[in-house]
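**Q** Below is the structure I would like to discuss, written out as structure tokens.
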Amino acid sequence: MSILPVPQIGALNDAKGQSTTHHYKFLTSLEGETRSHAAQLATFQAVTDTFSVLISAPTNKDYLVWVDVPFAMTVEAMTTICEGGTCTLVAKKDTSAITGLSNSVSTSEVTNAATAGNVFAAGDDLRLTVSANAACAFMSVTVKFTRAVP
């Protein structure tokens, strides 16, 4: 179904002040299109997004990379790579490790999928913990997450 052309102002009502047939058909087509789009919108309930962090000279410590997450979300995966050296990186919800998101960062890109402990409530924090650092340099981390559409 498509929306009919908007009727001219003078064509909205007939001489008796009643809606014209064209005006009625226009409003009916508009209603049908609106319902169609609303039905499609109802199926769009979640969005997947990412954010990235670059730590030029990582050291063995916790990095608080997202303070007070503004919405509920589920962390799906983490991708890492660095320009030189190696280290171990663990993603955490507040202070608890996210199962599956621990990897050895190196010059090879690695993506790990989260398997548990990855559901965040609004207000939680996301930390990255670096350990076993062996001259790791320019570490890039991308976190993939899904959240509901408000």
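Within each chain, counting starts at residue 1; across the structure tokens, chains are named A, B, ... in the order shown, with ligands numbered 1 upward in that order.
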Need to verify the contact set: stretch 114-127 of chain A, 9 Å, only C-alpha atoms, exclusion of same-chain residues closer than 5 positions in sequence. Can you return it as a ChimeraX atom specification?
**A** /A:62-78,90-101
**Q** Could the residues in this selection be saved with N, CA and C atoms as a PDB file, in the first residue's frame?
**A**
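Produced file out28.pdb, reproduced below:
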```
ATOM      1  N   ASP A  62      43.874  -2.525  36.603  1.00  0.00           N
ATOM      2  CA  ASP A  62      42.500  -2.392  36.113  1.00  0.00           C
ATOM      3  C   ASP A  62      42.348  -1.050  35.407  1.00  0.00           C
ATOM      4  N   TYR A  63      41.654  -1.063  34.266  1.00  0.00           N
ATOM      5  CA  TYR A  63      41.300   0.154  33.548  1.00  0.00           C
ATOM      6  C   TYR A  63      39.777   0.255  33.570  1.00  0.00           C
ATOM      7  N   LEU A  64      39.267   1.289  34.183  1.00  0.00           N
ATOM      8  CA  LEU A  64      37.829   1.520  34.234  1.00  0.00           C
ATOM      9  C   LEU A  64      37.460   2.243  32.942  1.00  0.00           C
ATOM     10  N   VAL A  65      36.928   1.501  31.956  1.00  0.00           N
ATOM     11  CA  VAL A  65      36.718   2.070  30.622  1.00  0.00           C
ATOM     12  C   VAL A  65      35.298   2.572  30.375  1.00  0.00           C
ATOM     13  N   TRP A  66      34.326   2.126  31.165  1.00  0.00           N
ATOM     14  CA  TRP A  66      32.968   2.640  31.021  1.00  0.00           C
ATOM     15  C   TRP A  66      32.358   2.721  32.409  1.00  0.00           C
ATOM     16  N   VAL A  67      32.267   3.932  32.923  1.00  0.00           N
ATOM     17  CA  VAL A  67      31.730   4.178  34.257  1.00  0.00           C
ATOM     18  C   VAL A  67      30.231   4.423  34.150  1.00  0.00           C
ATOM     19  N   ASP A  68      29.463   3.740  35.005  1.00  0.00           N
ATOM     20  CA  ASP A  68      28.026   3.987  35.094  1.00  0.00           C
ATOM     21  C   ASP A  68      27.337   3.820  33.734  1.00  0.00           C
ATOM     22  N   VAL A  69      27.365   2.605  33.219  1.00  0.00           N
ATOM     23  CA  VAL A  69      26.723   2.303  31.933  1.00  0.00           C
ATOM     24  C   VAL A  69      25.292   2.862  31.969  1.00  0.00           C
ATOM     25  N   PRO A  70      24.879   3.637  30.953  1.00  0.00           N
ATOM     26  CA  PRO A  70      23.589   4.331  31.021  1.00  0.00           C
ATOM     27  C   PRO A  70      22.358   3.490  30.710  1.00  0.00           C
ATOM     28  N   PHE A  71      22.537   2.219  30.333  1.00  0.00           N
ATOM     29  CA  PHE A  71      21.402   1.376  29.978  1.00  0.00           C
ATOM     30  C   PHE A  71      21.752  -0.082  30.237  1.00  0.00           C
ATOM     31  N   ALA A  72      20.726  -0.918  30.333  1.00  0.00           N
ATOM     32  CA  ALA A  72      20.970  -2.360  30.441  1.00  0.00           C
ATOM     33  C   ALA A  72      21.530  -2.847  29.111  1.00  0.00           C
ATOM     34  N   MET A  73      22.467  -3.777  29.173  1.00  0.00           N
ATOM     35  CA  MET A  73      23.065  -4.301  27.938  1.00  0.00           C
ATOM     36  C   MET A  73      23.653  -5.675  28.203  1.00  0.00           C
ATOM     37  N   THR A  74      23.911  -6.379  27.117  1.00  0.00           N
ATOM     38  CA  THR A  74      24.575  -7.669  27.184  1.00  0.00           C
ATOM     39  C   THR A  74      25.849  -7.586  26.356  1.00  0.00           C
ATOM     40  N   VAL A  75      26.981  -7.785  26.997  1.00  0.00           N
ATOM     41  CA  VAL A  75      28.256  -7.788  26.273  1.00  0.00           C
ATOM     42  C   VAL A  75      28.349  -9.118  25.527  1.00  0.00           C
ATOM     43  N   GLU A  76      28.573  -9.041  24.226  1.00  0.00           N
ATOM     44  CA  GLU A  76      28.584 -10.232  23.370  1.00  0.00           C
ATOM     45  C   GLU A  76      29.987 -10.757  23.089  1.00  0.00           C
ATOM     46  N   ALA A  77      30.933  -9.841  22.837  1.00  0.00           N
ATOM     47  CA  ALA A  77      32.274 -10.273  22.422  1.00  0.00           C
ATOM     48  C   ALA A  77      33.288  -9.168  22.670  1.00  0.00           C
ATOM     49  N   MET A  78      34.556  -9.564  22.617  1.00  0.00           N
ATOM     50  CA  MET A  78      35.666  -8.617  22.757  1.00  0.00           C
ATOM     51  C   MET A  78      36.736  -8.992  21.742  1.00  0.00           C
ATOM     52  N   VAL A  90      41.413  -9.262  30.641  1.00  0.00           N
ATOM     53  CA  VAL A  90      40.151  -9.817  31.133  1.00  0.00           C
ATOM     54  C   VAL A  90      39.139  -8.687  31.227  1.00  0.00           C
ATOM     55  N   ALA A  91      37.960  -8.880  30.619  1.00  0.00           N
ATOM     56  CA  ALA A  91      36.868  -7.907  30.747  1.00  0.00           C
ATOM     57  C   ALA A  91      36.065  -8.262  31.985  1.00  0.00           C
ATOM     58  N   LYS A  92      35.616  -7.217  32.710  1.00  0.00           N
ATOM     59  CA  LYS A  92      34.880  -7.449  33.950  1.00  0.00           C
ATOM     60  C   LYS A  92      33.632  -6.565  34.017  1.00  0.00           C
ATOM     61  N   LYS A  93      32.590  -7.147  34.599  1.00  0.00           N
ATOM     62  CA  LYS A  93      31.412  -6.368  34.972  1.00  0.00           C
ATOM     63  C   LYS A  93      31.644  -5.984  36.420  1.00  0.00           C
ATOM     64  N   ASP A  94      31.764  -4.689  36.669  1.00  0.00           N
ATOM     65  CA  ASP A  94      32.183  -4.196  37.973  1.00  0.00           C
ATOM     66  C   ASP A  94      33.514  -4.864  38.322  1.00  0.00           C
ATOM     67  N   THR A  95      33.555  -5.797  39.267  1.00  0.00           N
ATOM     68  CA  THR A  95      34.833  -6.459  39.591  1.00  0.00           C
ATOM     69  C   THR A  95      34.809  -7.953  39.273  1.00  0.00           C
ATOM     70  N   SER A  96      33.732  -8.428  38.643  1.00  0.00           N
ATOM     71  CA  SER A  96      33.606  -9.859  38.316  1.00  0.00           C
ATOM     72  C   SER A  96      33.956 -10.117  36.859  1.00  0.00           C
ATOM     73  N   ALA A  97      34.834 -11.079  36.633  1.00  0.00           N
ATOM     74  CA  ALA A  97      35.240 -11.416  35.264  1.00  0.00           C
ATOM     75  C   ALA A  97      34.048 -11.886  34.448  1.00  0.00           C
ATOM     76  N   ILE A  98      34.015 -11.471  33.196  1.00  0.00           N
ATOM     77  CA  ILE A  98      33.000 -11.943  32.252  1.00  0.00           C
ATOM     78  C   ILE A  98      33.540 -13.224  31.640  1.00  0.00           C
ATOM     79  N   THR A  99      32.830 -14.320  31.845  1.00  0.00           N
ATOM     80  CA  THR A  99      33.283 -15.623  31.352  1.00  0.00           C
ATOM     81  C   THR A  99      33.420 -15.591  29.828  1.00  0.00           C
ATOM     82  N   GLY A 100      34.571 -16.049  29.355  1.00  0.00           N
ATOM     83  CA  GLY A 100      34.843 -16.098  27.914  1.00  0.00           C
ATOM     84  C   GLY A 100      35.627 -14.900  27.405  1.00  0.00           C
ATOM     85  N   LEU A 101      35.686 -13.817  28.193  1.00  0.00           N
ATOM     86  CA  LEU A 101      36.374 -12.608  27.725  1.00  0.00           C
ATOM     87  C   LEU A 101      37.718 -12.420  28.428  1.00  0.00           C
TER      88      LEU A 101
END
```
**Q** I'd like the neighbourhood of stretch 106-110 of chain A as a short mmCIF file (atom, residue, chain, number, x, y, z; two decimals) with N, CA and C atoms, in the first residue's frame, where a residue qualifies if any of its atoms comes within 12 Å (using only C-alpha atoms), though same-chain residues fewer than 2 positions away should be ignored.
**A**
```
data_model
loop_
_atom_site.label_atom_id
_atom_site.label_comp_id
_atom_site.auth_asym_id
_atom_site.auth_seq_id
_atom_site.Cartn_x
_atom_site.Cartn_y
_atom_site.Cartn_z
N ALA A 77 30.93 -9.84 22.84
CA ALA A 77 32.27 -10.27 22.42
C ALA A 77 33.29 -9.17 22.67
N MET A 78 34.56 -9.56 22.62
CA MET A 78 35.67 -8.62 22.76
C MET A 78 36.74 -8.99 21.74
N THR A 79 37.21 -8.00 21.00
CA THR A 79 38.26 -8.20 20.01
C THR A 79 39.48 -7.39 20.44
N THR A 80 40.66 -8.01 20.38
CA THR A 80 41.89 -7.34 20.81
C THR A 80 43.01 -7.53 19.80
N ILE A 81 43.92 -6.58 19.83
CA ILE A 81 45.16 -6.66 19.05
C ILE A 81 46.09 -5.60 19.62
N CYS A 82 47.39 -5.78 19.44
CA CYS A 82 48.35 -4.74 19.84
C CYS A 82 49.44 -4.65 18.77
N GLU A 83 50.24 -3.60 18.87
CA GLU A 83 51.30 -3.40 17.87
C GLU A 83 52.59 -4.14 18.21
N GLY A 84 52.75 -4.53 19.46
CA GLY A 84 53.96 -5.25 19.84
C GLY A 84 53.84 -5.78 21.26
N GLY A 85 54.59 -6.82 21.57
CA GLY A 85 54.54 -7.43 22.89
C GLY A 85 53.27 -8.25 23.08
N THR A 86 53.02 -8.62 24.34
CA THR A 86 51.82 -9.40 24.67
C THR A 86 51.36 -9.03 26.07
N CYS A 87 50.14 -9.38 26.38
CA CYS A 87 49.62 -9.29 27.74
C CYS A 87 48.34 -10.12 27.79
N THR A 88 47.84 -10.33 28.99
CA THR A 88 46.56 -11.00 29.17
C THR A 88 45.54 -9.92 29.52
N LEU A 89 44.36 -10.01 28.92
CA LEU A 89 43.31 -9.02 29.16
C LEU A 89 42.04 -9.74 29.57
N LEU A 101 35.69 -13.82 28.19
CA LEU A 101 36.37 -12.61 27.72
C LEU A 101 37.72 -12.42 28.43
N SER A 102 38.55 -13.44 28.31
CA SER A 102 39.92 -13.40 28.77
C SER A 102 40.77 -13.90 27.61
N ASN A 103 41.73 -13.10 27.19
CA ASN A 103 42.56 -13.58 26.09
C ASN A 103 43.97 -13.03 26.17
N SER A 104 44.82 -13.64 25.39
CA SER A 104 46.20 -13.21 25.28
C SER A 104 46.27 -12.21 24.13
N ASN A 112 36.86 -13.03 21.19
CA ASN A 112 36.30 -14.02 22.10
C ASN A 112 34.84 -13.68 22.35
N ALA A 113 34.01 -14.71 22.49
CA ALA A 113 32.60 -14.52 22.79
C ALA A 113 32.36 -14.68 24.29
N ALA A 132 50.19 -10.03 33.24
CA ALA A 132 51.25 -10.73 32.48
C ALA A 132 51.77 -9.90 31.31
N ASN A 133 51.93 -8.62 31.56
CA ASN A 133 52.37 -7.71 30.50
C ASN A 133 53.83 -7.95 30.13
N ALA A 134 54.05 -8.18 28.85
CA ALA A 134 55.41 -8.38 28.33
C ALA A 134 55.62 -7.39 27.19
N ALA A 135 55.83 -6.13 27.56
CA ALA A 135 56.09 -5.04 26.60
C ALA A 135 54.95 -4.83 25.61
N CYS A 136 53.72 -5.07 26.06
CA CYS A 136 52.55 -4.84 25.21
C CYS A 136 52.46 -3.34 24.90
N ALA A 137 52.23 -3.01 23.64
CA ALA A 137 52.16 -1.61 23.23
C ALA A 137 50.99 -1.37 22.29
N PHE A 138 50.34 -0.24 22.46
CA PHE A 138 49.22 0.18 21.62
C PHE A 138 48.17 -0.92 21.49
N MET A 139 47.61 -1.27 22.64
CA MET A 139 46.59 -2.32 22.71
C MET A 139 45.23 -1.72 22.32
N SER A 140 44.59 -2.31 21.33
CA SER A 140 43.27 -1.88 20.89
C SER A 140 42.25 -2.94 21.30
N VAL A 141 41.15 -2.46 21.90
CA VAL A 141 40.10 -3.36 22.38
C VAL A 141 38.77 -2.85 21.85
N THR A 142 37.99 -3.75 21.25
CA THR A 142 36.63 -3.41 20.81
C THR A 142 35.67 -4.33 21.51
N VAL A 143 34.68 -3.75 22.16
CA VAL A 143 33.66 -4.51 22.88
C VAL A 143 32.34 -4.40 22.11
#
```
**Q** Measure the distance from atom CA of A:Gln45 to atom CA of A:Thr111 in Å and round it to one decimal.
**A** 25.5 Å
**Q** Among the residues of chain A, find those DSSP assigns to alpha helix (DSSP H) from the backbone and print them as JSON, numbers by chain.
**A** {"A": [21, 22, 23, 24, 25, 26, 27, 28, 29, 30, 31, 32, 33, 34, 35, 36, 37, 38, 39, 40, 41, 42]}
**Q** Using N, CA and C atoms, can you export the residues from the last selection as a PDB file, in the first residue's frame?
**A**
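Heads up, here's the output in again-v5.pdb:
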```pdb
ATOM      1  N   THR A  21     -14.184  12.375  -1.233  1.00  0.00           N
ATOM      2  CA  THR A  21     -13.749  10.988  -1.396  1.00  0.00           C
ATOM      3  C   THR A  21     -12.225  10.914  -1.429  1.00  0.00           C
ATOM      4  N   HIS A  22     -11.610  11.871  -2.145  1.00  0.00           N
ATOM      5  CA  HIS A  22     -10.143  11.862  -2.214  1.00  0.00           C
ATOM      6  C   HIS A  22      -9.537  12.078  -0.830  1.00  0.00           C
ATOM      7  N   HIS A  23     -10.106  12.987  -0.053  1.00  0.00           N
ATOM      8  CA  HIS A  23      -9.611  13.246   1.305  1.00  0.00           C
ATOM      9  C   HIS A  23      -9.743  11.983   2.150  1.00  0.00           C
ATOM     10  N   TYR A  24     -10.878  11.318   2.066  1.00  0.00           N
ATOM     11  CA  TYR A  24     -11.104  10.079   2.827  1.00  0.00           C
ATOM     12  C   TYR A  24     -10.097   9.002   2.419  1.00  0.00           C
ATOM     13  N   LYS A  25      -9.902   8.831   1.119  1.00  0.00           N
ATOM     14  CA  LYS A  25      -8.953   7.809   0.635  1.00  0.00           C
ATOM     15  C   LYS A  25      -7.523   8.140   1.082  1.00  0.00           C
ATOM     16  N   PHE A  26      -7.181   9.446   1.073  1.00  0.00           N
ATOM     17  CA  PHE A  26      -5.853   9.858   1.528  1.00  0.00           C
ATOM     18  C   PHE A  26      -5.656   9.477   2.995  1.00  0.00           C
ATOM     19  N   LEU A  27      -6.619   9.816   3.839  1.00  0.00           N
ATOM     20  CA  LEU A  27      -6.506   9.494   5.264  1.00  0.00           C
ATOM     21  C   LEU A  27      -6.453   7.992   5.491  1.00  0.00           C
ATOM     22  N   THR A  28      -7.220   7.231   4.740  1.00  0.00           N
ATOM     23  CA  THR A  28      -7.209   5.775   4.853  1.00  0.00           C
ATOM     24  C   THR A  28      -5.843   5.211   4.446  1.00  0.00           C
ATOM     25  N   SER A  29      -5.264   5.747   3.355  1.00  0.00           N
ATOM     26  CA  SER A  29      -3.941   5.258   2.921  1.00  0.00           C
ATOM     27  C   SER A  29      -2.874   5.633   3.951  1.00  0.00           C
ATOM     28  N   LEU A  30      -2.995   6.804   4.547  1.00  0.00           N
ATOM     29  CA  LEU A  30      -2.050   7.231   5.565  1.00  0.00           C
ATOM     30  C   LEU A  30      -2.131   6.328   6.798  1.00  0.00           C
ATOM     31  N   GLU A  31      -3.336   5.981   7.195  1.00  0.00           N
ATOM     32  CA  GLU A  31      -3.526   5.090   8.333  1.00  0.00           C
ATOM     33  C   GLU A  31      -2.912   3.717   8.049  1.00  0.00           C
ATOM     34  N   GLY A  32      -3.145   3.193   6.854  1.00  0.00           N
ATOM     35  CA  GLY A  32      -2.598   1.878   6.498  1.00  0.00           C
ATOM     36  C   GLY A  32      -1.082   1.862   6.519  1.00  0.00           C
ATOM     37  N   GLU A  33      -0.461   2.907   5.972  1.00  0.00           N
ATOM     38  CA  GLU A  33       1.004   2.992   5.982  1.00  0.00           C
ATOM     39  C   GLU A  33       1.538   3.120   7.398  1.00  0.00           C
ATOM     40  N   THR A  34       0.863   3.908   8.220  1.00  0.00           N
ATOM     41  CA  THR A  34       1.291   4.088   9.605  1.00  0.00           C
ATOM     42  C   THR A  34       1.243   2.762  10.356  1.00  0.00           C
ATOM     43  N   ARG A  35       0.172   2.005  10.178  1.00  0.00           N
ATOM     44  CA  ARG A  35       0.060   0.698  10.840  1.00  0.00           C
ATOM     45  C   ARG A  35       1.149  -0.257  10.347  1.00  0.00           C
ATOM     46  N   SER A  36       1.430  -0.217   9.059  1.00  0.00           N
ATOM     47  CA  SER A  36       2.460  -1.086   8.491  1.00  0.00           C
ATOM     48  C   SER A  36       3.825  -0.771   9.102  1.00  0.00           C
ATOM     49  N   HIS A  37       4.159   0.505   9.189  1.00  0.00           N
ATOM     50  CA  HIS A  37       5.455   0.893   9.760  1.00  0.00           C
ATOM     51  C   HIS A  37       5.508   0.602  11.252  1.00  0.00           C
ATOM     52  N   ALA A  38       4.411   0.799  11.942  1.00  0.00           N
ATOM     53  CA  ALA A  38       4.377   0.497  13.377  1.00  0.00           C
ATOM     54  C   ALA A  38       4.617  -0.988  13.611  1.00  0.00           C
ATOM     55  N   ALA A  39       4.056  -1.835  12.756  1.00  0.00           N
ATOM     56  CA  ALA A  39       4.259  -3.279  12.892  1.00  0.00           C
ATOM     57  C   ALA A  39       5.726  -3.636  12.658  1.00  0.00           C
ATOM     58  N   GLN A  40       6.355  -2.995  11.689  1.00  0.00           N
ATOM     59  CA  GLN A  40       7.773  -3.245  11.434  1.00  0.00           C
ATOM     60  C   GLN A  40       8.624  -2.754  12.590  1.00  0.00           C
ATOM     61  N   LEU A  41       8.277  -1.607  13.153  1.00  0.00           N
ATOM     62  CA  LEU A  41       9.017  -1.045  14.262  1.00  0.00           C
ATOM     63  C   LEU A  41       8.954  -1.942  15.488  1.00  0.00           C
ATOM     64  N   ALA A  42       7.825  -2.608  15.674  1.00  0.00           N
ATOM     65  CA  ALA A  42       7.660  -3.485  16.836  1.00  0.00           C
ATOM     66  C   ALA A  42       8.655  -4.645  16.803  1.00  0.00           C
TER      67      ALA A  42
END
```
**Q** To one decimal in Å, tell me the separation between atom CA of A:Thr59 and atom CA of A:Val130.
**A**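 One can read the atom CA of A:Thr59 to atom CA of A:Val130 distance as 6.5 Å.
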**Q** Please return as JSON, numbers by chain: the residues of stretch 77-117 of chain A that backbone DSSP assigns to strand (DSSP E).
**A** {"A": [77, 78, 79, 80, 81, 84, 85, 86, 87, 88, 89, 90, 91, 92, 93, 96, 97, 98, 99, 100, 101, 102, 103, 104, 105, 110, 111, 112, 113]}
